[in-house]
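Dropping structure-v5.cif in here (mmCIF, C-alpha atoms):
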data_entry
#
loop_
_atom_site.label_atom_id
_atom_site.label_comp_id
_atom_site.auth_asym_id
_atom_site.auth_seq_id
_atom_site.Cartn_x
_atom_site.Cartn_y
_atom_site.Cartn_z
CA MET H 1 -77.37 -35.85 118.67
CA LYS H 2 -75.91 -37.75 115.72
CA LYS H 3 -77.72 -35.44 113.31
CA ILE H 4 -76.20 -32.41 115.04
CA VAL H 5 -72.67 -33.86 114.83
CA PHE H 6 -73.17 -34.72 111.16
CA PHE H 7 -74.41 -31.21 110.47
CA LEU H 8 -71.39 -29.67 112.19
CA LEU H 9 -68.99 -31.91 110.28
CA ALA H 10 -70.71 -31.11 107.00
CA THR H 11 -70.53 -27.40 107.74
CA PHE H 12 -66.83 -27.70 108.64
CA PHE H 13 -66.12 -29.63 105.42
CA PHE H 14 -67.97 -27.01 103.36
CA SER H 15 -65.92 -24.26 105.04
CA LEU H 16 -62.68 -26.06 104.13
CA VAL H 17 -63.79 -26.37 100.51
CA THR H 18 -64.69 -22.67 100.44
CA ILE H 19 -61.33 -21.67 101.93
CA THR H 20 -59.50 -23.87 99.40
CA LEU H 21 -61.42 -22.37 96.47
CA ASN H 22 -60.75 -18.84 97.72
CA ALA H 23 -57.06 -19.65 98.06
CA GLN H 24 -56.99 -20.94 94.49
CA THR H 25 -58.72 -17.78 93.27
CA ALA H 26 -56.26 -15.59 95.17
CA VAL H 27 -53.37 -17.27 93.40
CA ASN H 28 -54.70 -16.02 90.06
CA THR H 29 -53.39 -12.44 90.37
CA ALA H 30 -51.94 -10.01 87.85
CA HIS H 31 -48.55 -10.26 89.53
CA LEU H 32 -48.38 -14.03 89.18
CA VAL H 33 -49.75 -13.95 85.64
CA ALA H 34 -47.02 -11.46 84.73
CA LYS H 35 -44.37 -13.69 86.33
CA GLU H 36 -45.58 -16.69 84.33
CA ALA H 37 -45.60 -14.63 81.14
CA ALA H 38 -41.99 -13.63 81.78
CA LYS H 39 -41.00 -17.30 81.76
CA LYS H 40 -42.16 -17.78 78.17
CA ASP H 41 -39.55 -18.38 75.49
CA SER H 42 -40.55 -15.36 73.39
CA LEU H 43 -42.53 -12.14 73.60
CA PRO H 44 -45.22 -13.42 71.18
CA ASP H 45 -45.70 -16.43 73.49
CA ALA H 46 -45.91 -14.11 76.50
CA ILE H 47 -48.51 -11.93 74.77
CA SER H 48 -50.60 -14.96 73.79
CA TYR H 49 -50.49 -16.21 77.39
CA LEU H 50 -51.47 -12.80 78.79
CA LYS H 51 -54.43 -12.47 76.40
CA LYS H 52 -55.79 -15.79 77.66
CA GLN H 53 -55.19 -15.21 81.36
CA ILE H 54 -56.11 -11.56 81.91
CA PRO H 55 -59.85 -12.01 81.11
CA THR H 56 -59.99 -14.73 83.79
CA LEU H 57 -58.94 -12.28 86.52
CA THR H 58 -62.06 -11.53 88.55
CA VAL H 59 -60.84 -8.66 90.73
CA ALA H 60 -61.05 -5.31 88.91
CA ALA H 61 -57.68 -4.07 90.19
CA GLU H 62 -55.98 -7.29 89.05
CA LYS H 63 -57.56 -7.10 85.59
CA ARG H 64 -56.62 -3.43 85.23
CA SER H 65 -52.99 -4.08 86.13
CA GLY H 66 -52.97 -7.09 83.82
CA TYR H 67 -53.93 -4.94 80.85
CA VAL H 68 -51.29 -2.36 81.83
CA PHE H 69 -48.64 -5.07 81.77
CA LEU H 70 -49.95 -6.47 78.47
CA GLY H 71 -49.81 -3.01 76.93
CA SER H 72 -46.19 -2.53 77.98
CA VAL H 73 -45.17 -5.86 76.41
CA GLN H 74 -47.06 -5.09 73.19
CA GLU H 75 -45.40 -1.69 73.00
CA GLN H 76 -41.97 -3.29 73.35
CA MET H 77 -42.87 -5.53 70.42
CA GLY H 78 -43.84 -2.53 68.30
CA LEU H 79 -47.52 -3.58 68.33
CA TYR H 80 -48.58 0.00 68.94
CA ALA H 81 -52.25 -0.28 67.96
CA ASP H 82 -52.72 -3.30 70.23
CA ALA H 83 -50.78 -1.65 73.05
CA GLY H 84 -52.94 1.47 72.82
CA LYS H 85 -56.10 -0.63 73.10
CA SER H 86 -54.72 -2.43 76.17
CA TYR H 87 -53.82 0.85 77.88
CA ALA H 88 -57.24 2.31 77.04
CA THR H 89 -59.00 -0.79 78.36
CA ALA H 90 -57.05 -0.53 81.62
CA ALA H 91 -57.91 3.18 81.91
CA GLY H 92 -61.59 2.32 81.58
CA ILE H 93 -61.55 0.00 84.60
CA ALA H 94 -62.47 1.85 87.80
CA ALA H 95 -59.97 0.34 90.22
CA THR H 96 -56.66 0.95 91.95
CA ASP H 97 -53.31 -0.69 91.14
CA ALA H 98 -52.92 -4.36 92.07
CA ALA H 99 -50.29 -5.39 94.60
CA GLY H 100 -46.84 -5.91 93.13
CA MET H 101 -47.71 -4.24 89.82
CA PRO H 102 -46.61 -0.89 88.29
CA LYS H 103 -48.40 2.17 89.63
CA LYS H 104 -50.25 4.06 86.91
CA SER H 105 -53.05 6.60 87.16
CA ASN H 106 -55.86 6.46 84.61
CA GLU H 107 -54.62 9.76 83.18
CA GLN H 108 -51.16 8.31 82.64
CA LEU H 109 -52.73 5.31 80.90
CA VAL H 110 -54.68 7.58 78.55
CA LEU H 111 -51.43 9.33 77.64
CA ASP H 112 -49.81 5.93 77.04
CA ALA H 113 -52.69 5.13 74.67
CA VAL H 114 -52.18 8.47 72.89
CA ARG H 115 -48.45 7.82 72.44
CA CYS H 116 -49.14 4.38 70.96
CA ALA H 117 -51.81 5.73 68.63
CA LEU H 118 -49.37 8.33 67.32
CA SER H 119 -46.70 5.67 66.89
CA SER H 120 -49.08 3.70 64.69
CA GLY H 121 -50.06 6.78 62.67
CA ASP H 122 -53.61 6.83 64.04
CA THR H 123 -54.02 10.54 64.78
CA THR H 124 -57.83 10.29 64.92
CA THR H 125 -57.72 7.91 67.88
CA ALA H 126 -54.95 9.96 69.50
CA ASP H 127 -57.02 13.14 69.24
CA ASN H 128 -60.09 11.40 70.65
CA TYR H 129 -58.11 10.34 73.72
CA LEU H 130 -56.63 13.82 74.10
CA ASN H 131 -60.11 15.34 74.04
CA SER H 132 -61.28 13.10 76.89
CA ALA H 133 -61.38 13.91 80.60
CA VAL H 134 -57.57 13.94 80.68
CA ARG H 135 -57.73 17.50 79.35
CA ASN H 136 -59.26 18.58 82.67
CA SER H 137 -56.51 17.04 84.77
CA LYS H 138 -55.37 18.85 87.90
CA SER H 139 -51.81 17.64 87.35
CA ASP H 140 -49.45 20.11 85.68
CA VAL H 141 -47.33 17.23 84.40
CA ILE H 142 -50.31 15.51 82.76
CA LEU H 143 -51.42 18.76 81.15
CA ALA H 144 -47.90 19.36 79.86
CA TYR H 145 -47.94 15.97 78.15
CA VAL H 146 -51.39 16.68 76.70
CA LYS H 147 -50.05 19.87 75.07
CA LEU H 148 -46.91 18.09 73.83
CA TYR H 149 -48.86 15.20 72.34
CA GLU H 150 -51.26 17.65 70.64
CA GLN H 151 -48.30 19.08 68.75
CA TRP H 152 -46.97 15.61 68.00
CA SER H 153 -50.37 14.82 66.50
CA SER H 154 -50.19 17.97 64.36
CA LEU H 155 -46.72 16.96 63.20
CA CYS H 156 -48.00 13.51 62.24
CA LYS H 157 -50.76 15.10 60.14
CA ALA H 158 -48.30 17.35 58.30
CA GLN H 159 -47.91 16.58 54.59
CA THR H 160 -45.45 19.31 53.62
CA GLU H 161 -42.85 21.52 55.27
CA LYS H 162 -45.42 24.35 55.27
CA ASP H 163 -47.65 22.27 57.54
CA LEU H 164 -44.86 22.19 60.11
CA ALA H 165 -44.91 25.94 60.72
CA GLU H 166 -47.68 26.06 63.33
CA PRO H 167 -46.63 23.07 65.51
CA ILE H 168 -43.00 24.21 65.40
CA ALA H 169 -44.06 27.70 66.50
CA MET H 170 -46.04 26.21 69.39
CA LEU H 171 -43.15 23.98 70.44
CA LYS H 172 -40.79 26.95 70.39
CA THR H 173 -43.22 28.79 72.69
CA TYR H 174 -43.27 25.80 75.04
CA THR H 175 -39.47 26.02 75.54
CA GLY H 176 -40.01 29.25 77.48
CA LEU H 177 -42.98 28.21 79.62
CA ALA H 178 -42.43 27.11 83.22
CA SER H 179 -45.58 24.95 83.03
CA MET H 180 -43.93 22.86 80.28
CA LYS H 181 -40.65 22.26 82.11
CA SER H 182 -41.51 18.60 82.82
CA VAL H 183 -41.53 17.85 79.07
CA ALA H 184 -38.85 20.37 78.03
CA PRO H 185 -36.29 17.73 76.94
CA ALA H 186 -38.89 16.04 74.71
CA VAL H 187 -39.86 19.41 73.22
CA LEU H 188 -36.23 20.27 72.45
CA LEU H 189 -35.53 16.84 70.94
CA THR H 190 -38.62 17.18 68.71
CA LEU H 191 -37.52 20.61 67.51
CA TRP H 192 -33.99 19.34 66.83
CA HIS H 193 -35.30 16.30 64.93
CA VAL H 194 -37.80 18.23 62.78
CA SER H 195 -35.90 21.47 62.15
CA GLY H 196 -32.35 20.18 62.07
CA GLU H 197 -31.20 23.22 64.08
CA GLN H 198 -28.18 22.49 66.26
CA THR H 199 -29.17 25.12 68.83
CA TYR H 200 -31.77 22.74 70.30
CA ALA H 201 -29.18 20.00 70.72
CA ASP H 202 -26.85 22.50 72.41
CA THR H 203 -29.61 23.57 74.81
CA LEU H 204 -30.34 19.95 75.66
CA LYS H 205 -26.70 19.23 76.46
CA LYS H 206 -26.38 22.37 78.57
CA SER H 207 -29.69 22.32 80.48
CA TYR H 208 -30.47 18.58 80.62
CA PRO H 209 -27.11 16.78 80.43
CA ALA H 210 -28.39 13.60 82.13
CA SER H 211 -31.59 13.19 80.08
CA PRO H 212 -32.15 10.38 77.55
CA GLU H 213 -32.90 13.08 74.97
CA THR H 214 -29.38 14.43 75.38
CA ALA H 215 -28.02 10.91 75.04
CA VAL H 216 -29.80 10.70 71.66
CA VAL H 217 -28.25 13.89 70.25
CA LYS H 218 -24.84 12.82 71.54
CA GLY H 219 -25.12 9.48 69.82
CA VAL H 220 -24.85 7.51 73.07
CA ILE H 221 -28.25 5.89 72.55
CA GLN H 222 -30.64 5.74 69.60
CA GLN H 223 -34.26 6.76 69.31
CA LEU H 224 -36.68 3.89 69.44
CA PRO H 225 -37.56 3.19 65.80
CA ALA H 226 -41.21 4.06 66.41
CA PRO H 227 -43.07 5.02 63.23
CA PHE H 228 -43.92 8.40 64.76
CA TRP H 229 -40.47 9.73 63.93
CA TYR H 230 -40.88 8.70 60.29
CA PHE H 231 -44.37 10.09 59.67
CA VAL H 232 -43.20 13.66 60.16
CA PRO H 233 -41.75 15.68 57.24
CA ARG H 234 -38.50 17.38 58.20
CA ILE H 235 -37.08 20.78 57.32
CA GLY H 236 -33.48 19.70 57.85
CA SER H 237 -31.55 16.55 58.63
CA VAL H 238 -29.86 15.83 61.93
CA ILE H 239 -26.79 13.73 62.58
CA PRO H 240 -26.19 12.60 66.17
CA GLU H 241 -22.72 13.00 67.54
CA VAL H 242 -20.62 9.90 68.11
CA GLU H 243 -19.37 9.54 71.67
CA GLN H 244 -18.29 6.65 73.81
CA GLU H 245 -19.56 7.15 77.32
CA PRO H 246 -21.69 5.33 79.90
CA VAL H 247 -25.44 5.36 79.34
CA THR H 248 -26.59 7.04 82.55
CA TYR H 249 -29.72 9.11 82.32
CA GLN H 250 -32.59 10.26 84.50
CA GLN H 251 -36.05 8.83 84.10
CA SER H 252 -38.81 10.95 82.56
CA ALA H 253 -41.25 12.72 84.81
CA ASP H 254 -43.97 10.16 84.12
CA GLU H 255 -41.78 7.23 85.12
CA LYS H 256 -41.26 6.03 88.67
CA PRO H 257 -37.80 4.85 89.70
CA SER H 258 -37.71 1.29 90.90
CA ALA H 259 -35.45 -0.42 93.38
CA THR H 260 -34.70 -2.99 90.69
CA THR H 261 -33.42 -0.47 88.12
CA ALA H 262 -29.92 -0.34 89.60
CA LYS H 263 -27.34 -1.77 87.21
CA GLN H 264 -26.12 -5.20 88.25
CA THR H 265 -23.25 -7.20 86.84
CA PRO H 266 -24.09 -10.92 87.04
CA THR H 267 -21.31 -13.15 88.20
CA GLU H 268 -20.77 -16.78 87.32
CA SER H 269 -22.60 -17.83 90.47
CA THR H 270 -25.68 -15.69 89.70
CA VAL H 271 -26.24 -16.86 86.12
CA SER H 272 -28.17 -20.11 85.92
CA PRO H 273 -27.27 -22.81 83.35
CA LYS H 274 -30.71 -22.34 81.76
CA THR H 275 -30.10 -18.59 81.33
CA GLU H 276 -26.65 -19.24 79.90
CA ALA H 277 -28.08 -21.76 77.45
CA LYS H 278 -30.63 -19.21 76.26
CA LYS H 279 -27.83 -16.67 75.71
CA VAL H 280 -25.86 -19.16 73.63
CA LYS H 281 -28.96 -20.06 71.59
CA SER H 282 -29.75 -16.37 71.05
CA ALA H 283 -26.19 -15.69 69.92
CA GLU H 284 -26.36 -18.58 67.46
CA ASN H 285 -29.64 -17.27 66.04
CA GLU H 286 -28.14 -13.80 65.60
CA LYS H 287 -25.26 -15.27 63.65
CA GLN H 288 -27.58 -17.24 61.38
CA GLU H 289 -30.17 -14.50 60.74
CA LYS H 290 -29.63 -11.07 59.28
CA PRO H 291 -32.09 -8.39 58.13
CA LEU H 292 -33.51 -8.40 54.61
CA TYR H 293 -33.11 -4.64 54.48
CA GLN H 294 -32.71 -1.55 56.63
CA GLN H 295 -35.67 0.84 56.89
CA LEU H 296 -34.84 4.52 57.22
CA GLY H 297 -38.13 6.31 56.83
CA LEU H 298 -41.89 6.02 56.59
CA PHE H 299 -43.62 8.97 54.95
CA LYS H 300 -47.10 10.07 53.94
CA ASP H 301 -45.61 12.26 51.21
CA SER H 302 -43.71 10.49 48.44
CA ASN H 303 -41.66 13.65 47.81
CA ASN H 304 -40.21 13.42 51.34
CA ALA H 305 -39.35 9.77 50.74
CA ASN H 306 -37.63 10.59 47.43
CA GLY H 307 -35.76 13.42 49.14
CA LEU H 308 -34.30 11.01 51.66
CA VAL H 309 -33.35 8.61 48.87
CA GLU H 310 -31.38 11.41 47.20
CA GLN H 311 -29.54 12.14 50.46
CA LEU H 312 -28.65 8.46 50.78
CA LYS H 313 -27.44 8.22 47.19
CA LYS H 314 -25.14 11.20 47.75
CA LYS H 315 -23.57 9.19 50.57
CA GLY H 316 -23.11 6.18 48.29
CA PHE H 317 -26.07 4.04 49.42
CA SER H 318 -28.42 2.25 47.00
CA ALA H 319 -31.73 3.33 48.49
CA ARG H 320 -35.20 2.79 47.09
CA VAL H 321 -38.83 3.62 47.91
CA THR H 322 -41.56 1.04 48.48
CA SER H 323 -45.20 1.73 49.33
CA GLU H 324 -47.53 0.19 51.88
CA LYS H 325 -51.28 0.72 52.15
CA ARG H 326 -52.65 0.53 55.70
CA PRO H 327 -56.15 -0.71 56.68
CA SER H 328 -57.10 2.94 57.23
CA GLY H 329 -56.66 3.49 53.49
CA THR H 330 -53.58 5.68 53.88
CA THR H 331 -50.57 4.85 51.72
CA TYR H 332 -47.14 5.23 53.27
CA TYR H 333 -43.83 5.40 51.45
CA LEU H 334 -40.93 3.47 52.97
CA VAL H 335 -37.28 4.26 52.30
CA VAL H 336 -35.13 1.12 52.47
CA VAL H 337 -31.60 -0.05 51.76
CA ASP H 338 -30.98 -3.74 51.10
CA GLU H 339 -28.76 -5.54 53.60
CA ASN H 340 -25.29 -6.49 52.41
CA LYS H 341 -23.80 -9.98 52.54
CA ASP H 342 -21.86 -9.22 55.74
CA GLY H 343 -24.93 -7.92 57.59
CA THR H 344 -23.19 -4.61 58.38
CA MET H 345 -25.41 -2.21 56.43
CA GLY H 346 -27.13 -0.96 59.59
CA ASN H 347 -23.81 0.09 61.14
CA GLU H 348 -22.67 1.72 57.91
CA LEU H 349 -25.87 3.77 57.69
CA ARG H 350 -25.71 4.84 61.34
CA ASN H 351 -22.03 5.79 60.98
CA ALA H 352 -23.08 8.00 58.06
CA GLY H 353 -25.65 9.71 60.30
CA PHE H 354 -28.85 7.96 59.20
CA GLU H 355 -31.38 6.45 61.59
CA CYS H 356 -32.44 2.94 60.61
CA TYR H 357 -33.62 -0.43 61.87
CA GLY H 358 -33.47 -3.90 60.39
CA VAL H 359 -36.50 -5.60 58.88
CA TYR H 360 -36.34 -9.40 58.91
#

Can the structure in the file be given as structure tokens, please?
Amino acid sequence: MKKIVFFLLATFFFSLVTITLNAQTAVNTAHLVAKEAAKKDSLPDAISYLKKQIPTLTVAAEKRSGYVFLGSVQEQMGLYADAGKSYATAAGIAATDAAGMPKKSNEQLVLDAVRCALSSGDTTTADNYLNSAVRNSKSDVILAYVKLYEQWSSLCKAQTEKDLAEPIAMLKTYTGLASMKSVAPAVLLTLWHVSGEQTYADTLKKSYPASPETAVVKGVIQQLPAPFWYFVPRIGSVIPEVEQEPVTYQQSADEKPSATTAKQTPTESTVSPKTEAKKVKSAENEKQEKPLYQQLGLFKDSNNANGLVEQLKKKGFSARVTSEKRPSGTTYYLVVVDENKDGTMGNELRNAGFECYGVY
């Protein structure tokens, strides 16, 4: 009888241990890893933490969502090549979305990887992704993005204005196709940016007044300084309008609205002392640090870079061209303007109609 009791107690104890271990494993989810990453003091720290934690996730859905989140953080940091790899890794995991994490289909993730590859100037990788199973998608929206990104890839490969003729012709055709309506604002913005023709900006404002693309041409918001926009030679130059109005725009077709996207104004009672301290520290750092120079363009063709320098000089800016050789062997030509002592060069360039971003 004693042996039976001992056996039952031992079995019960083993069950408790098993339950405890399972509970500890359950805690290690993509959602909680993302929450912990958000607590880090900087994005590089968050990325380092995510790279260590995501491989430890044992459930496929959790690991997949972890890589999706990592890719989004890397993309925000401008680490486009790394972000593309994270998105592609997530797309290669056969699983659903983890609880509490963004909902993304594998096809959407492939397109994310394509976008990041184009932003890093890697058209070979972008084309490989575009030629994958995503081309056989049953979603009209996905197929529209595939066609758009194909033309973006062609634009990135262009070396001269002559090379722009075919992709521009295709993009113009897309403006009249019902099947491309989901990406119409992006098509129009691309045509406006590359051709410099005001008619595309006018169409955007008339047909898609609440789109982020319209906000760009109106000067309400700026394009993300992704390298993609600097790889492409341009037939004409575009100058966004300057307007003061609220930034209210609709999300793109491949984005899902979230209940947390509503604008909130924090009151004194909702802002913690720790958050306030971080704001003060950030403000102090901004005062102490200013860019070394403002970058306005990144070109494969030195003639395009020199052309932009001439435009800048006509406006009174002391611009210059520097070169940078990438691991792929391709040399890019960067157009830069040195920062002034007051740290206001970026504003002066933007007020003159030039897109730029500070390099520290």

Exercise for review: Excluding stretch 106-108 of chain H and residues on its chain fewer than 4 positions from it, collect all residues at most 12 Å away from it, counting only C-alpha atoms, and give them as a ChimeraX atom specification.
Suggested key: /H:64-65,68,87-97,102,112-115,129-130,132-146,253-256

Which residues of stretch 70-148 of chain H have any atom within 12 Å of an atom in stretch 326-348 of chain H when counting only C-alpha atoms, and what is the closest pair of atoms for each, with the distance in Å to one decimal? Order the rows by chain and rising number and write it as a tab-separated table.
residue	atom	partner	partner_atom	distance
H:Ala81	CA	H:Pro327	CA	11.9
H:Ser120	CA	H:Arg326	CA	10.2
H:Gly121	CA	H:Thr330	CA	9.5
H:Asp122	CA	H:Ser328	CA	8.6
H:Thr123	CA	H:Ser328	CA	11.1
H:Thr124	CA	H:Ser328	CA	10.7
H:Thr125	CA	H:Ser328	CA	11.8

Output file for the selection above: C-alpha atoms, as a compact mmCIF listing (two decimals), in the coordinates of the input:
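Dumped to again_2.txt:
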# COMPACT_ATOMS: atom_id res chain seq x y z
CA ALA H 81 -52.25 -0.28 67.96
CA SER H 120 -49.08 3.70 64.69
CA GLY H 121 -50.06 6.78 62.67
CA ASP H 122 -53.61 6.83 64.04
CA THR H 123 -54.02 10.54 64.78
CA THR H 124 -57.83 10.29 64.92
CA THR H 125 -57.72 7.91 67.88

Review point. How far is it from atom CA of H:Ala319 to atom CA of H:Pro291, in Å with one decimal?
Key: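 Atom CA of H:Ala319 sits 15.2 Å away from atom CA of H:Pro291.
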
Exercise for review: Could you list the residues chosen by the PyMOL selection byres ((chain H and resi 358) around 8) in this structure as a ChimeraX atom specification?
Suggested key: /H:291-295,346,356-357,359-360

Practice item. For the structure shown, which residues end up in the PyMOL selection byres ((chain H and resi 148-155) around 10)? Put them as number ranges by chain, please? Key: H: 111, 114-115, 117-119, 121-124, 126-127, 130-131, 142-147, 156-161, 163-171, 174, 180, 183-184, 186-187, 190, 194, 228-229, 231-234

Once you have the residues from the selection above, write them out as an mmCIF file, keeping the file's coordinate frame, restricted to C-alpha atoms.
data_model
loop_
_atom_site.group_PDB
_atom_site.id
_atom_site.type_symbol
_atom_site.label_atom_id
_atom_site.label_comp_id
_atom_site.auth_asym_id
_atom_site.auth_seq_id
_atom_site.Cartn_x
_atom_site.Cartn_y
_atom_site.Cartn_z
ATOM 1 C CA LEU H 111 -51.430 9.330 77.640
ATOM 2 C CA VAL H 114 -52.180 8.470 72.890
ATOM 3 C CA ARG H 115 -48.450 7.820 72.440
ATOM 4 C CA ALA H 117 -51.810 5.730 68.630
ATOM 5 C CA LEU H 118 -49.370 8.330 67.320
ATOM 6 C CA SER H 119 -46.700 5.670 66.890
ATOM 7 C CA GLY H 121 -50.060 6.780 62.670
ATOM 8 C CA ASP H 122 -53.610 6.830 64.040
ATOM 9 C CA THR H 123 -54.020 10.540 64.780
ATOM 10 C CA THR H 124 -57.830 10.290 64.920
ATOM 11 C CA ALA H 126 -54.950 9.960 69.500
ATOM 12 C CA ASP H 127 -57.020 13.140 69.240
ATOM 13 C CA LEU H 130 -56.630 13.820 74.100
ATOM 14 C CA ASN H 131 -60.110 15.340 74.040
ATOM 15 C CA ILE H 142 -50.310 15.510 82.760
ATOM 16 C CA LEU H 143 -51.420 18.760 81.150
ATOM 17 C CA ALA H 144 -47.900 19.360 79.860
ATOM 18 C CA TYR H 145 -47.940 15.970 78.150
ATOM 19 C CA VAL H 146 -51.390 16.680 76.700
ATOM 20 C CA LYS H 147 -50.050 19.870 75.070
ATOM 21 C CA CYS H 156 -48.000 13.510 62.240
ATOM 22 C CA LYS H 157 -50.760 15.100 60.140
ATOM 23 C CA ALA H 158 -48.300 17.350 58.300
ATOM 24 C CA GLN H 159 -47.910 16.580 54.590
ATOM 25 C CA THR H 160 -45.450 19.310 53.620
ATOM 26 C CA GLU H 161 -42.850 21.520 55.270
ATOM 27 C CA ASP H 163 -47.650 22.270 57.540
ATOM 28 C CA LEU H 164 -44.860 22.190 60.110
ATOM 29 C CA ALA H 165 -44.910 25.940 60.720
ATOM 30 C CA GLU H 166 -47.680 26.060 63.330
ATOM 31 C CA PRO H 167 -46.630 23.070 65.510
ATOM 32 C CA ILE H 168 -43.000 24.210 65.400
ATOM 33 C CA ALA H 169 -44.060 27.700 66.500
ATOM 34 C CA MET H 170 -46.040 26.210 69.390
ATOM 35 C CA LEU H 171 -43.150 23.980 70.440
ATOM 36 C CA TYR H 174 -43.270 25.800 75.040
ATOM 37 C CA MET H 180 -43.930 22.860 80.280
ATOM 38 C CA VAL H 183 -41.530 17.850 79.070
ATOM 39 C CA ALA H 184 -38.850 20.370 78.030
ATOM 40 C CA ALA H 186 -38.890 16.040 74.710
ATOM 41 C CA VAL H 187 -39.860 19.410 73.220
ATOM 42 C CA THR H 190 -38.620 17.180 68.710
ATOM 43 C CA VAL H 194 -37.800 18.230 62.780
ATOM 44 C CA PHE H 228 -43.920 8.400 64.760
ATOM 45 C CA TRP H 229 -40.470 9.730 63.930
ATOM 46 C CA PHE H 231 -44.370 10.090 59.670
ATOM 47 C CA VAL H 232 -43.200 13.660 60.160
ATOM 48 C CA PRO H 233 -41.750 15.680 57.240
ATOM 49 C CA ARG H 234 -38.500 17.380 58.200
#

Check your understanding: Which value, in Å to one decimal, gives the distance between atom CA of H:Ala352 and atom CA of H:Lys315?
Key ->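 Here the two named atoms are 7.6 Å from each other.
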
Check your understanding: Between H:Ala60, H:Ala46, H:Ala83, H:Ala34, which one has atoms that come closest to H:Met101, using all atoms listed in the file?
Key ->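 Looking at the shortest contact to H:Met101, the residue is H:Ala34.
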
Check your understanding: So what do you get for atom CA of H:Arg350 versus atom CA of H:Arg320, distance-wise?
Key -> 17.2 Å

**Study point:** Answer key for the PyMOL selection byres ((chain H and resi 204) around 10), residues as JSON, numbers by chain
**Key:** {"H": [184, 185, 186, 187, 188, 189, 192, 198, 199, 200, 201, 202, 203, 205, 206, 207, 208, 209, 210, 211, 212, 213, 214, 215, 217, 218]}

Check your understanding: Near H:Phe354, within 8 Å and counting all atoms listed in the file, which residues show up once chain neighbours fewer than 3 positions away are dropped, as a list in words?
Key -> Ile239, Leu296, Leu349, Arg350 and Asn351 of chain H

Check your understanding: Which of these residues is nearest to H:Ser72, using all atoms listed in the file: H:Lys172, H:Lys52, H:Leu109, H:Thr29?
Key ->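 Looking at the shortest contact to H:Ser72, the residue is H:Leu109.
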
Review point. Of the candidates H:Gly84, H:Val321, H:Val220, H:Gly316, which shows the shortest atom-to-atom distance to H:Asn303, using only C-alpha atoms?
Key: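 Using only C-alpha atoms, H:Asn303 sits closest to H:Val321.
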